[in-house]
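> Sharing start-v5.cif here; it has mmCIF, C-alpha atoms and all ligand atoms.
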data_structure
#
loop_
_atom_site.label_atom_id
_atom_site.label_comp_id
_atom_site.auth_asym_id
_atom_site.auth_seq_id
_atom_site.Cartn_x
_atom_site.Cartn_y
_atom_site.Cartn_z
CA MET A 16 -9.17 -31.45 16.01
CA SER A 17 -9.12 -27.69 16.44
CA THR A 18 -11.81 -26.03 18.50
CA LEU A 19 -11.20 -22.67 16.89
CA HIS A 20 -14.12 -20.85 15.33
CA ALA A 21 -14.25 -21.32 11.55
CA PHE A 22 -14.28 -18.14 9.49
CA ASP A 23 -12.82 -17.29 6.08
CA PRO A 24 -11.62 -13.67 5.86
CA PHE A 25 -10.88 -14.16 2.14
CA ALA A 26 -14.44 -15.23 1.29
CA PRO A 27 -16.34 -12.91 -1.07
CA ASP A 28 -19.06 -12.40 1.54
CA SER A 29 -16.61 -11.90 4.44
CA LEU A 30 -17.20 -8.15 4.51
CA ALA A 31 -20.73 -8.80 5.74
CA HIS A 32 -18.96 -9.43 9.04
CA VAL A 33 -18.90 -6.10 10.87
CA GLY A 34 -15.31 -6.30 12.08
CA GLY A 35 -13.53 -7.33 15.23
CA ALA A 36 -13.99 -10.82 16.64
CA ALA A 37 -16.39 -13.28 14.98
CA ASP A 38 -18.80 -14.54 17.65
CA GLY A 39 -16.29 -13.43 20.25
CA ALA A 40 -13.36 -15.22 18.59
CA ALA A 41 -10.39 -13.00 17.83
CA LEU A 42 -8.43 -15.92 16.33
CA VAL A 43 -10.22 -18.05 13.73
CA GLN A 44 -9.24 -20.89 11.43
CA GLY A 45 -10.02 -22.28 8.00
CA ASP A 46 -8.44 -24.03 5.00
CA TYR A 47 -6.24 -20.99 4.52
CA GLY A 48 -4.65 -21.33 8.01
CA TYR A 49 -5.30 -18.96 10.92
CA ALA A 50 -6.73 -15.45 10.79
CA VAL A 51 -6.67 -12.68 13.36
CA LEU A 52 -9.74 -10.47 13.41
CA ASP A 53 -9.60 -8.04 16.30
CA PHE A 54 -7.50 -4.93 16.60
CA GLU A 55 -5.55 -5.71 19.73
CA LEU A 56 -4.50 -9.20 18.68
CA ALA A 57 -3.78 -8.02 15.12
CA THR A 58 -1.49 -5.30 16.48
CA ALA A 59 0.31 -7.83 18.68
CA VAL A 60 0.91 -10.20 15.75
CA LEU A 61 2.16 -7.46 13.42
CA ARG A 62 4.59 -6.30 16.11
CA ASP A 63 5.85 -9.79 16.91
CA THR A 64 8.96 -10.47 14.84
CA ARG A 65 8.47 -14.22 15.22
CA PHE A 66 5.80 -13.78 12.55
CA ILE A 67 7.64 -13.23 9.27
CA ASN A 68 6.33 -11.92 5.96
CA ALA A 69 4.55 -14.56 3.86
CA ALA A 70 5.73 -13.28 0.45
CA LEU A 71 8.60 -15.78 0.13
CA THR A 72 6.40 -18.74 1.06
CA LEU A 73 3.79 -17.53 -1.42
CA MET A 74 6.43 -17.56 -4.16
CA GLU A 75 7.52 -21.04 -3.15
CA GLN A 76 3.91 -22.22 -3.25
CA PHE A 77 3.84 -20.96 -6.86
CA GLY A 78 6.89 -23.14 -7.64
CA ILE A 79 9.40 -20.27 -7.56
CA THR A 80 11.89 -22.05 -5.31
CA ASP A 81 15.23 -20.85 -6.65
CA GLY A 82 16.73 -18.43 -9.18
CA PRO A 83 17.15 -14.65 -9.07
CA VAL A 84 13.56 -13.78 -8.18
CA HIS A 85 13.50 -16.20 -5.24
CA ASP A 86 16.94 -14.94 -4.20
CA PHE A 87 15.81 -11.33 -4.33
CA ARG A 88 12.75 -12.03 -2.20
CA ALA A 89 14.64 -14.20 0.32
CA LYS A 90 17.19 -11.44 0.95
CA SER A 91 14.93 -8.39 0.59
CA VAL A 92 14.11 -5.89 3.34
CA ILE A 93 10.68 -7.44 4.00
CA MET A 94 12.17 -10.86 4.79
CA ALA A 95 15.22 -9.65 6.74
CA GLU A 96 15.21 -9.63 10.52
CA GLY A 97 17.26 -8.11 13.33
CA SER A 98 20.39 -6.16 12.45
CA GLN A 99 20.26 -7.19 8.78
CA HIS A 100 16.74 -5.73 8.55
CA MET A 101 17.91 -2.46 10.09
CA ARG A 102 20.93 -2.38 7.76
CA LEU A 103 18.63 -2.63 4.74
CA ARG A 104 15.81 -0.44 6.06
CA THR A 105 17.92 2.49 7.32
CA PRO A 106 19.24 3.74 3.94
CA LEU A 107 15.70 3.69 2.51
CA ALA A 108 14.18 5.28 5.61
CA ARG A 109 16.41 8.31 5.07
CA PHE A 110 14.16 9.25 2.12
CA MET A 111 10.84 8.29 3.71
CA GLY A 112 10.73 10.23 7.00
CA PRO A 113 7.71 12.49 7.63
CA SER A 114 9.71 15.72 7.32
CA THR A 115 11.54 14.61 4.18
CA VAL A 116 8.36 13.72 2.37
CA GLU A 117 6.85 17.11 3.28
CA ASP A 118 9.26 18.59 0.74
CA ILE A 119 7.64 16.41 -1.92
CA ARG A 120 4.34 18.29 -1.69
CA THR A 121 5.54 21.01 -4.05
CA VAL A 122 6.74 18.40 -6.54
CA LEU A 123 3.41 16.59 -6.23
CA ARG A 124 1.46 19.74 -7.04
CA GLU A 125 3.58 20.15 -10.18
CA ILE A 126 3.03 16.51 -11.14
CA ILE A 127 -0.76 16.78 -10.71
CA ALA A 128 -0.84 20.03 -12.68
CA ASP A 129 1.22 18.37 -15.41
CA ILE A 130 -1.11 15.35 -15.53
CA ASP A 131 -4.04 17.80 -15.76
CA PRO A 132 -6.91 15.33 -15.48
CA ALA A 133 -9.53 17.91 -16.43
CA ASP A 134 -7.85 18.58 -19.76
CA GLY A 135 -10.87 20.51 -20.99
CA THR A 136 -13.08 17.40 -21.21
CA ARG A 137 -16.62 17.55 -19.89
CA GLY A 138 -18.51 14.70 -18.30
CA PRO A 139 -17.21 11.77 -16.26
CA LEU A 140 -13.66 10.54 -16.65
CA ASP A 141 -11.93 7.51 -15.15
CA PHE A 142 -10.11 9.27 -12.32
CA HIS A 143 -8.29 6.06 -11.39
CA ALA A 144 -6.66 5.77 -14.82
CA ALA A 145 -6.24 9.51 -15.28
CA VAL A 146 -4.74 10.33 -11.85
CA ASP A 147 -4.42 7.58 -9.21
CA GLN A 148 -2.44 5.23 -11.39
CA LYS A 149 -0.10 7.92 -12.69
CA ILE A 150 1.01 9.78 -9.59
CA PRO A 151 2.85 7.16 -7.48
CA ALA A 152 5.04 6.06 -10.38
CA ARG A 153 5.89 9.69 -11.20
CA VAL A 154 6.85 10.15 -7.55
CA TYR A 155 9.04 7.02 -7.63
CA CYS A 156 10.82 8.42 -10.73
CA TYR A 157 11.38 11.71 -8.94
CA LEU A 158 12.73 9.95 -5.84
CA ALA A 159 14.94 7.56 -7.77
CA GLY A 160 16.16 10.26 -10.13
CA ALA A 161 14.69 8.45 -13.15
CA PRO A 162 13.23 10.27 -16.17
CA ALA A 163 9.52 11.10 -15.76
CA GLU A 164 8.89 9.30 -19.09
CA ASP A 165 9.69 6.03 -17.31
CA ALA A 166 6.61 6.37 -15.07
CA PRO A 167 4.20 4.20 -17.13
CA ARG A 168 6.82 1.44 -17.13
CA VAL A 169 7.35 1.78 -13.36
CA ALA A 170 3.58 1.62 -12.75
CA SER A 171 3.26 -1.48 -14.89
CA LEU A 172 6.26 -3.21 -13.25
CA SER A 173 4.90 -2.53 -9.76
CA ALA A 174 1.45 -3.88 -10.69
CA ARG A 175 2.82 -6.98 -12.44
CA THR A 176 5.32 -7.95 -9.73
CA LEU A 177 2.99 -7.40 -6.77
CA ALA A 178 0.34 -9.44 -8.59
CA LEU A 179 1.94 -12.15 -6.44
CA LEU A 180 -0.46 -11.04 -3.71
CA GLN A 181 -3.44 -12.07 -5.84
CA ARG A 182 -2.51 -15.64 -4.81
CA ASP A 183 -3.16 -16.93 -8.31
CA PRO A 184 -0.53 -19.53 -9.34
CA SER A 185 -1.49 -19.12 -13.02
CA LEU A 186 0.26 -15.72 -12.84
CA LYS A 187 3.63 -17.36 -12.06
CA ASP A 188 5.18 -16.84 -15.53
CA SER A 189 4.03 -13.26 -15.88
CA ILE A 190 5.35 -12.47 -12.38
CA LEU A 191 8.75 -13.99 -13.22
CA GLU A 192 8.87 -12.05 -16.50
CA ALA A 193 7.96 -8.82 -14.70
CA TYR A 194 10.79 -9.29 -12.16
CA ASP A 195 13.29 -10.03 -14.96
CA GLU A 196 12.18 -6.84 -16.70
CA LEU A 197 12.36 -4.90 -13.44
CA PHE A 198 15.91 -6.10 -12.66
CA ALA A 199 17.00 -5.21 -16.23
CA TYR A 200 15.36 -1.78 -16.03
CA LEU A 201 17.03 -0.93 -12.71
CA GLY A 202 20.35 -2.36 -13.87
CA GLU A 203 20.29 0.01 -16.86
CA LEU A 204 19.15 2.93 -14.71
CA ILE A 205 21.98 2.36 -12.22
CA ALA A 206 24.52 2.12 -15.06
CA SER A 207 23.23 5.30 -16.71
CA LYS A 208 23.32 7.20 -13.42
CA ARG A 209 26.89 6.12 -12.85
CA SER A 210 27.95 7.33 -16.28
CA ALA A 211 25.94 10.59 -16.18
CA GLY A 212 27.10 11.44 -12.62
CA LEU A 213 25.30 10.83 -9.33
CA GLY A 214 22.82 13.32 -7.88
CA ASP A 215 20.89 13.87 -4.62
CA ASP A 216 18.29 11.23 -5.34
CA MET A 217 17.61 7.95 -3.53
CA LEU A 218 19.17 5.72 -6.16
CA SER A 219 22.35 7.82 -6.27
CA PHE A 220 22.52 7.55 -2.49
CA LEU A 221 22.21 3.76 -2.65
CA ILE A 222 24.88 3.61 -5.38
CA ARG A 223 27.22 5.62 -3.13
CA GLN A 224 26.46 3.18 -0.30
CA GLU A 225 27.63 0.39 -2.57
CA ASP A 226 30.74 2.33 -3.59
CA ALA A 227 31.52 2.82 0.12
CA GLY A 228 31.20 -0.94 0.72
CA LYS A 229 28.07 -0.52 2.89
CA LEU A 230 25.85 -2.44 0.46
CA THR A 231 26.80 -5.23 -1.94
CA SER A 232 25.82 -4.83 -5.60
CA GLU A 233 23.14 -7.47 -5.05
CA GLU A 234 21.76 -5.47 -2.09
CA LEU A 235 21.77 -2.26 -4.13
CA LEU A 236 19.55 -3.90 -6.74
CA SER A 237 17.40 -5.49 -4.05
CA GLU A 238 16.80 -2.16 -2.27
CA ALA A 239 15.89 -0.39 -5.50
CA THR A 240 13.60 -3.28 -6.50
CA ALA A 241 11.83 -3.39 -3.13
CA MET A 242 11.08 0.33 -3.35
CA LEU A 243 9.88 0.19 -6.94
CA GLU A 244 7.51 -2.76 -6.48
CA ALA A 245 6.06 -1.28 -3.26
CA SER A 246 5.84 2.30 -4.47
CA SER A 247 3.11 2.32 -7.00
CA VAL A 248 0.27 -0.18 -7.24
CA ASN A 249 -0.93 -0.07 -3.62
CA THR A 250 -0.82 3.71 -3.50
CA ALA A 251 -2.77 3.92 -6.76
CA HIS A 252 -5.58 1.68 -5.46
CA GLN A 253 -5.62 3.30 -2.03
CA THR A 254 -5.85 6.76 -3.61
CA GLY A 255 -8.87 5.60 -5.61
CA LEU A 256 -10.50 4.24 -2.46
CA VAL A 257 -9.88 7.52 -0.61
CA VAL A 258 -11.32 9.68 -3.40
CA TRP A 259 -14.32 7.34 -3.78
CA THR A 260 -15.02 7.49 -0.04
CA LEU A 261 -14.66 11.24 0.36
CA LEU A 262 -16.59 12.31 -2.72
CA ARG A 263 -19.58 10.22 -1.71
CA ASP A 264 -19.79 11.68 1.80
CA ARG A 265 -20.94 15.19 0.93
CA ALA A 266 -21.16 16.35 4.55
CA ALA A 267 -17.53 15.39 5.15
CA TRP A 268 -16.53 16.80 1.76
CA SER A 269 -18.09 20.19 2.64
CA ARG A 270 -16.12 20.25 5.88
CA LEU A 271 -12.91 19.56 3.96
CA ILE A 272 -13.67 22.42 1.59
CA GLU A 273 -14.21 24.71 4.59
CA ASP A 274 -11.13 23.49 6.45
CA GLN A 275 -8.27 21.85 4.56
CA SER A 276 -6.44 21.08 7.80
CA LEU A 277 -8.87 18.13 8.10
CA ILE A 278 -7.48 16.46 4.95
CA PRO A 279 -4.88 14.23 6.73
CA ALA A 280 -7.54 12.91 9.15
CA ALA A 281 -9.90 12.30 6.22
CA VAL A 282 -7.26 10.27 4.37
CA VAL A 283 -6.51 8.13 7.44
CA GLU A 284 -10.21 7.53 8.08
CA ALA A 285 -10.85 6.47 4.47
CA CYS A 286 -7.81 4.16 4.63
CA ARG A 287 -9.28 2.66 7.82
CA LEU A 288 -12.62 1.85 6.22
CA TYR A 289 -11.28 0.63 2.88
CA PRO A 290 -7.72 -0.69 3.31
CA ARG A 291 -6.16 -1.77 0.04
CA PRO A 292 -4.13 -4.47 1.86
CA GLY A 293 -7.18 -5.90 3.63
CA ILE A 294 -5.09 -8.85 4.79
CA VAL A 295 -1.41 -8.85 5.76
CA SER A 296 -0.15 -12.43 5.69
CA LYS A 297 2.57 -13.74 7.97
CA ILE A 298 4.17 -17.11 8.74
CA ALA A 299 4.93 -18.31 12.27
CA SER A 300 8.70 -18.87 12.29
CA VAL A 301 8.49 -20.96 15.53
CA ASP A 302 5.67 -22.39 17.64
CA ILE A 303 3.82 -19.36 19.06
CA GLU A 304 1.17 -19.12 21.75
CA LEU A 305 -1.63 -16.86 20.55
CA ALA A 306 -4.89 -16.20 22.38
CA GLY A 307 -4.57 -19.54 24.18
CA THR A 308 -3.78 -21.53 21.03
CA THR A 309 -0.38 -22.88 20.03
CA ILE A 310 0.28 -21.89 16.44
CA PRO A 311 2.73 -24.44 15.02
CA ALA A 312 5.88 -23.17 13.28
CA GLY A 313 5.31 -22.78 9.54
CA SER A 314 1.58 -21.92 9.89
CA ASP A 315 -0.04 -19.20 7.81
CA VAL A 316 -1.39 -16.41 10.01
CA HIS A 317 -3.42 -13.82 8.12
CA VAL A 318 -3.99 -10.51 9.86
CA ALA A 319 -7.41 -9.32 8.70
CA VAL A 320 -6.73 -5.60 8.64
CA TRP A 321 -10.17 -4.88 7.15
CA SER A 322 -11.72 -6.50 10.22
CA ALA A 323 -9.33 -5.07 12.84
CA ASN A 324 -9.87 -1.59 11.37
CA ARG A 325 -13.60 -1.97 12.11
CA ASP A 326 -13.24 -3.51 15.54
CA PRO A 327 -15.97 -1.90 17.68
CA LYS A 328 -13.77 -2.40 20.77
CA ARG A 329 -11.28 0.01 19.23
CA PHE A 330 -13.42 2.27 16.98
CA ASP A 331 -16.83 3.54 18.09
CA ASP A 332 -19.50 3.04 15.44
CA PRO A 333 -16.79 1.47 13.28
CA SER A 334 -18.60 1.40 9.94
CA THR A 335 -19.21 5.14 9.99
CA PHE A 336 -16.83 7.59 8.34
CA ASP A 337 -15.95 9.95 11.19
CA LEU A 338 -13.61 12.87 10.66
CA ASP A 339 -13.30 13.51 14.37
CA ARG A 340 -11.88 10.21 15.58
CA GLU A 341 -9.12 10.76 18.05
CA ALA A 342 -5.88 8.78 17.99
CA SER A 343 -7.12 6.73 15.07
CA GLN A 344 -4.24 4.51 14.02
CA PRO A 345 -5.68 1.87 11.71
CA LEU A 346 -3.50 -1.02 10.57
CA THR A 347 -3.72 -0.23 6.85
CA PHE A 348 0.04 0.33 6.73
CA SER A 349 0.69 -2.47 9.24
CA THR A 350 2.72 -1.66 12.37
CA GLY A 351 5.90 -2.79 14.09
CA LEU A 352 9.43 -3.01 12.73
CA HIS A 353 8.20 -4.04 9.26
CA GLY A 354 5.43 -1.43 9.14
CA CYS A 355 5.15 0.26 5.75
CA LEU A 356 8.26 2.30 5.13
CA GLY A 357 6.51 4.47 2.54
CA GLN A 358 3.43 5.38 4.57
CA SER A 359 4.26 9.05 5.10
CA LEU A 360 4.90 9.40 1.39
CA ALA A 361 1.72 7.55 0.42
CA LYS A 362 -0.34 9.72 2.77
CA VAL A 363 1.15 12.92 1.36
CA GLU A 364 0.37 11.70 -2.17
CA MET A 365 -3.26 11.00 -1.24
CA GLU A 366 -3.60 14.29 0.64
CA GLU A 367 -2.40 16.25 -2.36
CA VAL A 368 -4.86 14.51 -4.70
CA VAL A 369 -7.67 15.43 -2.30
CA ARG A 370 -6.38 18.99 -2.05
CA TYR A 371 -6.23 19.22 -5.85
CA LEU A 372 -9.90 18.23 -6.07
CA ILE A 373 -10.94 20.63 -3.31
CA GLU A 374 -9.12 23.56 -4.84
CA ASN A 375 -9.97 22.90 -8.48
CA HIS A 376 -13.12 20.78 -8.59
CA PRO A 377 -15.00 21.20 -5.31
CA ASN A 378 -18.26 20.02 -6.93
CA ALA A 379 -16.75 16.78 -8.26
CA VAL A 380 -18.98 13.73 -7.86
CA VAL A 381 -18.58 9.98 -8.26
CA VAL A 382 -20.76 8.58 -11.04
CA ASP A 383 -21.93 5.03 -10.33
CA GLU A 384 -21.99 4.02 -13.97
CA GLY A 385 -18.39 3.37 -14.91
CA THR A 386 -17.23 2.89 -11.29
CA GLU A 387 -16.03 -0.57 -10.34
CA ILE A 388 -14.85 -0.98 -6.76
CA GLY A 389 -14.84 -4.24 -4.90
CA HIS A 390 -12.67 -6.65 -3.02
CA GLY A 391 -11.02 -9.95 -3.76
CA GLY A 392 -8.24 -12.06 -2.28
CA GLY A 393 -8.52 -10.03 0.91
CA ARG A 394 -7.80 -6.72 -0.82
CA TRP A 395 -9.92 -3.75 -1.81
CA LEU A 396 -9.62 -3.14 -5.54
CA VAL A 397 -10.40 -0.21 -7.78
CA GLY A 398 -11.24 -1.26 -11.35
CA SER A 399 -12.36 2.17 -12.44
CA LEU A 400 -13.59 5.33 -10.76
CA ALA A 401 -15.89 7.53 -12.82
CA VAL A 402 -15.75 11.11 -11.57
CA ASP A 403 -17.50 14.11 -13.04
CA LEU A 404 -15.10 16.88 -12.07
CA ASP A 405 -17.41 19.76 -12.90
CA PRO A 406 -21.00 18.56 -13.09
CA ALA A 407 -23.52 20.92 -14.62
CA PRO A 408 -25.57 22.63 -11.89
CA SER A 409 -28.81 20.75 -11.30
CA SER A 410 -31.89 22.57 -12.63
CA SER A 411 -34.15 21.44 -9.78
C1 LIG B 501 -1.28 3.46 0.28
C2 LIG B 501 -0.16 2.85 -0.10
C3 LIG B 501 0.53 1.77 0.67
C4 LIG B 501 0.02 0.81 1.50
C5 LIG B 501 -1.43 0.60 1.88
C6 LIG B 501 1.15 0.04 1.99
C7 LIG B 501 1.05 -1.02 2.88
C8 LIG B 501 2.12 -1.79 3.28
C9 LIG B 501 2.01 -2.96 4.10
C10 LIG B 501 0.70 -3.54 4.63
C11 LIG B 501 3.25 -3.45 4.29
C12 LIG B 501 3.62 -4.76 4.98
C13 LIG B 501 4.04 -4.58 6.39
C14 LIG B 501 4.23 -5.90 7.08
O1 LIG B 501 4.69 -6.89 6.48
O2 LIG B 501 3.92 -5.95 8.29
C15 LIG B 501 4.17 -2.56 3.61
C16 LIG B 501 5.54 -2.70 3.60
C17 LIG B 501 6.41 -1.89 2.90
N1 LIG B 501 6.07 -0.79 2.16
FE1 LIG B 501 4.20 -0.06 1.88
N2 LIG B 501 2.29 0.55 1.45
C18 LIG B 501 1.97 1.61 0.65
C19 LIG B 501 2.84 2.43 -0.05
C20 LIG B 501 4.21 2.33 -0.04
C21 LIG B 501 5.11 3.23 -0.72
C22 LIG B 501 4.68 4.48 -1.48
C23 LIG B 501 6.38 2.75 -0.50
C24 LIG B 501 7.71 3.29 -0.96
C25 LIG B 501 7.89 4.26 -1.82
C26 LIG B 501 6.27 1.57 0.33
C27 LIG B 501 7.33 0.81 0.78
C28 LIG B 501 7.22 -0.28 1.60
C29 LIG B 501 8.37 -1.07 2.02
C30 LIG B 501 9.82 -0.86 1.61
C31 LIG B 501 7.86 -2.08 2.85
C32 LIG B 501 8.66 -3.15 3.58
C33 LIG B 501 9.07 -2.62 4.95
C34 LIG B 501 9.86 -3.60 5.79
O3 LIG B 501 9.67 -4.81 5.64
O4 LIG B 501 10.66 -3.15 6.63
N3 LIG B 501 4.94 1.34 0.59
N4 LIG B 501 3.46 -1.56 3.01
#
Spit out the file's structure as C-alpha cells when you get a sec.

Amino acid sequence: MSTLHAFDPFAPDSLAHVGGAADGAALVQGDYGYAVLDFELATAVLRDTRFINAALTLMEQFGITDGPVHDFRAKSVIMAEGSQHMRLRTPLARFMGPSTVEDIRTVLREIIADIDPADGTRGPLDFHAAVDQKIPARVYCYLAGAPAEDAPRVASLSARTLALLQRDPSLKDSILEAYDELFAYLGELIASKRSAGLGDDMLSFLIRQEDAGKLTSEELLSEATAMLEASSVNTAHQTGLVVWTLLRDRAAWSRLIEDQSLIPAAVVEACRLYPRPGIVSKIASVDIELAGTTIPAGSDVHVAVWSANRDPKRFDDPSTFDLDREASQPLTFSTGLHGCLGQSLAKVEMEEVVRYLIENHPNAVVVDEGTEIGHGGGRWLVGSLAVDLDPAPSSS
C-alpha cells in the first residue's frame, strides 16, 4: 500500500489548498493517479521527456483506439519525441517566435477595432463572447491565410476538439465529429490555397514543406490540425481570466493606465494566479523515480499547475497579485521541450486586449451579475464576463 499523502487536485474544493506541497508532500496520490503540487518538482516533471503527454491515453480511455482521430493524435507534435518532435515542431516554431509575433500586434489592433465591442451599446456586455472568444480564431485565420469569415468555425472547432480535456467520456461522439469536420475544413482550405496560389502564411509554408518532401501529406494535415485546435479555446478563456483579474484590482489597473510598459508583467501575473490549464497531465513512459517514490510505467502523473504557480517556496505571498515580481515564470504554458509553442502569440493577444481597454475604456469595470468564472476538471473556466466598458460616473 502506498504511503503517499492523499490529495485530489481535481476536487471542486481543491483550490482551498493554498498551493505548493500539501502537508509537506510535493507528490500526492489518489484515484486519479499521482499529482505533483510544488513548483520545483512540477518543473522537473514537465522537463523530463520520459513523461509523455496524456492526450492519447485520454482518447483511448474514451474508446477512441483506432481510426483517423487516434492516428492524428498518436503522430501529432504533442506526442512525438526526440528528432521526430523537432522535425514537427520546427516548421511551426518559425511562425511563433517572440520577434515574429511582435509583427502581429498591428494586425491585432485592426482585429480588435473591427470587432468593436463597444459598438455604441451602454451598460454591461459579455466581454468573453464579444472579444475573448473572437480574437484567437481571427488570429489563427490570419496566420493560416484563411478568410476572416472562417473565424467562428475555427473557434467552434477548437472548443469542440479540445473538449477532450474535460475528461467526460459522454463527449466522445461530439469530439469525433468535431475532428472529422476539422480535417475536412483544413483539407478544403489546403486545396483552395493550392489552386489560388500560395502566399507567405503558415499554411502555405507547410504546403511548400510537403511539396519539397519535408513533410508527408498526413503530417501537413496533422501540423495544421494541431495548431488550429490549440490556437483558440485556451487563449479565449485565459484572456477572460486576465481581464477579470486586472479589472478587479483597481490599484494595479491604475498603474497600468499610468505605465503601459507594465502590461506584459500584468498578463503573466494574472496567468500565474488563474491558469486556464490548471493541470497538465502526463503519463510515465517507463518506471521513474520521483521524490523518493517509484512511479510505475503507464501511471498518470498530473502536474497541478494551479498549485505550483502558488507555491510559497517559489512566489512570496503567492495568492496576492503583484506587478513587481521578479523573474516570475509560472508554469501556465508548461515548460521543457513540449512547452506551449504558441505562448508568445497568446501573450501578445492578451496584452493587446488589455491595451485596448486601457486606451479606450480605462474606467471599465467587471459587473458581478452576469459573470460566471469558476474551475472544473482542473481548469479555470470563463462562462461569461460582464463588463461595463464606460460606467456612468458615480454621483456619490
Ligand atoms: C493562453 C493560451 C494558451 C495556453 C494557456 C496554452 C498552454 C499550453 C500547454 C499547457 C501545453 C502543453 C505543454 C505540455 O504538454 O507540457 C501547450 C502545448 C501546445 N500549445 Fe499552447 N497554450 C495556449 C495557446 C496556444 C496558441 C495560441 C497556440 C498556437 C497558435 C498553441 C500551440 C501549442 C502547441 C502546438 C502545443 C504543443 C507543443 C509541443 O508538444 O511541442 N498554444 N499549450
> Using all atoms listed in the file, give me every residue within 7 Å of (-9.9, 3.4, 1.9) in file coordinates, as a list in words.
Gln253, Leu256, Val257, Thr260, Ala285, Cys286, Arg287, Leu288, Tyr289, Pro290 and Arg291 of chain A
> Residues within 8 Å of ligand LIG 501 (chain B) should be enumerated using all atoms listed in the file and returned as a PDB file with C-alpha atoms, in the coordinates of the input.

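After the write, out-v4.pdb holds the following:
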ATOM      1  CA  LEU A  61       2.160  -7.460  13.420  1.00  0.00           C
ATOM      2  CA  ARG A  62       4.590  -6.300  16.110  1.00  0.00           C
ATOM      3  CA  ILE A  67       7.640 -13.230   9.270  1.00  0.00           C
ATOM      4  CA  ASN A  68       6.330 -11.920   5.960  1.00  0.00           C
ATOM      5  CA  VAL A  92      14.110  -5.890   3.340  1.00  0.00           C
ATOM      6  CA  ILE A  93      10.680  -7.440   4.000  1.00  0.00           C
ATOM      7  CA  MET A  94      12.170 -10.860   4.790  1.00  0.00           C
ATOM      8  CA  ALA A  95      15.220  -9.650   6.740  1.00  0.00           C
ATOM      9  CA  HIS A 100      16.740  -5.730   8.550  1.00  0.00           C
ATOM     10  CA  ARG A 104      15.810  -0.440   6.060  1.00  0.00           C
ATOM     11  CA  LEU A 107      15.700   3.690   2.510  1.00  0.00           C
ATOM     12  CA  MET A 111      10.840   8.290   3.710  1.00  0.00           C
ATOM     13  CA  PRO A 151       2.850   7.160  -7.480  1.00  0.00           C
ATOM     14  CA  TYR A 155       9.040   7.020  -7.630  1.00  0.00           C
ATOM     15  CA  ALA A 241      11.830  -3.390  -3.130  1.00  0.00           C
ATOM     16  CA  MET A 242      11.080   0.330  -3.350  1.00  0.00           C
ATOM     17  CA  LEU A 243       9.880   0.190  -6.940  1.00  0.00           C
ATOM     18  CA  ALA A 245       6.060  -1.280  -3.260  1.00  0.00           C
ATOM     19  CA  SER A 246       5.840   2.300  -4.470  1.00  0.00           C
ATOM     20  CA  SER A 247       3.110   2.320  -7.000  1.00  0.00           C
ATOM     21  CA  VAL A 248       0.270  -0.180  -7.240  1.00  0.00           C
ATOM     22  CA  ASN A 249      -0.930  -0.070  -3.620  1.00  0.00           C
ATOM     23  CA  THR A 250      -0.820   3.710  -3.500  1.00  0.00           C
ATOM     24  CA  ALA A 251      -2.770   3.920  -6.760  1.00  0.00           C
ATOM     25  CA  HIS A 252      -5.580   1.680  -5.460  1.00  0.00           C
ATOM     26  CA  GLN A 253      -5.620   3.300  -2.030  1.00  0.00           C
ATOM     27  CA  THR A 254      -5.850   6.760  -3.610  1.00  0.00           C
ATOM     28  CA  CYS A 286      -7.810   4.160   4.630  1.00  0.00           C
ATOM     29  CA  PRO A 290      -7.720  -0.690   3.310  1.00  0.00           C
ATOM     30  CA  ARG A 291      -6.160  -1.770   0.040  1.00  0.00           C
ATOM     31  CA  PRO A 292      -4.130  -4.470   1.860  1.00  0.00           C
ATOM     32  CA  ILE A 294      -5.090  -8.850   4.790  1.00  0.00           C
ATOM     33  CA  VAL A 295      -1.410  -8.850   5.760  1.00  0.00           C
ATOM     34  CA  SER A 296      -0.150 -12.430   5.690  1.00  0.00           C
ATOM     35  CA  LYS A 297       2.570 -13.740   7.970  1.00  0.00           C
ATOM     36  CA  LEU A 346      -3.500  -1.020  10.570  1.00  0.00           C
ATOM     37  CA  THR A 347      -3.720  -0.230   6.850  1.00  0.00           C
ATOM     38  CA  PHE A 348       0.040   0.330   6.730  1.00  0.00           C
ATOM     39  CA  SER A 349       0.690  -2.470   9.240  1.00  0.00           C
ATOM     40  CA  THR A 350       2.720  -1.660  12.370  1.00  0.00           C
ATOM     41  CA  GLY A 351       5.900  -2.790  14.090  1.00  0.00           C
ATOM     42  CA  LEU A 352       9.430  -3.010  12.730  1.00  0.00           C
ATOM     43  CA  HIS A 353       8.200  -4.040   9.260  1.00  0.00           C
ATOM     44  CA  GLY A 354       5.430  -1.430   9.140  1.00  0.00           C
ATOM     45  CA  CYS A 355       5.150   0.260   5.750  1.00  0.00           C
ATOM     46  CA  LEU A 356       8.260   2.300   5.130  1.00  0.00           C
ATOM     47  CA  GLY A 357       6.510   4.470   2.540  1.00  0.00           C
ATOM     48  CA  GLN A 358       3.430   5.380   4.570  1.00  0.00           C
ATOM     49  CA  LEU A 360       4.900   9.400   1.390  1.00  0.00           C
ATOM     50  CA  ALA A 361       1.720   7.550   0.420  1.00  0.00           C
ATOM     51  CA  LYS A 362      -0.340   9.720   2.770  1.00  0.00           C
ATOM     52  CA  MET A 365      -3.260  11.000  -1.240  1.00  0.00           C
TER      53      MET A 365
END
> For a quick check of understanding, using all atoms listed in the file, which of A:Val60, A:Ala50, A:Ile190, A:Val381 has the smallest distance to Met74 of chain A?
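Of A:Val60, A:Ala50, A:Ile190, A:Val381, the one nearest Met74 of chain A is A:Ile190, counting all atoms listed in the file.
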> Which of these, A:Gly34, A:His143, A:Ile205, A:Asp315, has the shortest distance to Phe220 of chain A once you count only C-alpha atoms?
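Among the listed residues, A:Ile205 lies closest to Phe220 of chain A.
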> Tell me which protein, DNA and RNA residues are within 7 Å of Leu158 of chain A, counting all atoms listed in the file, leaving out same-chain ones fewer than 3 positions away, and put them as number ranges by chain.
A: 154-155, 216-217
> Of the residues A:Gln344, A:Gly393, A:Ser359, A:Arg270, which is the one nearest to Val116 of chain A, using all atoms listed in the file?
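Closest candidate: A:Ser359.
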> Could you jot down the atom CA of Ser173 of chain A to atom CA of Val122 of chain A separation for me, Å, one decimal place?
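That distance, rounded to one decimal, is 21.3 Å.
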> Find the residues with any atom within 12 Å of (-22.3, 16.8, -11.3); use all atoms listed in the file and the coordinates as given in the file, and write the answer as a PyMOL selection string.
chain A and resi 137-140+262-263+376-383+401-410
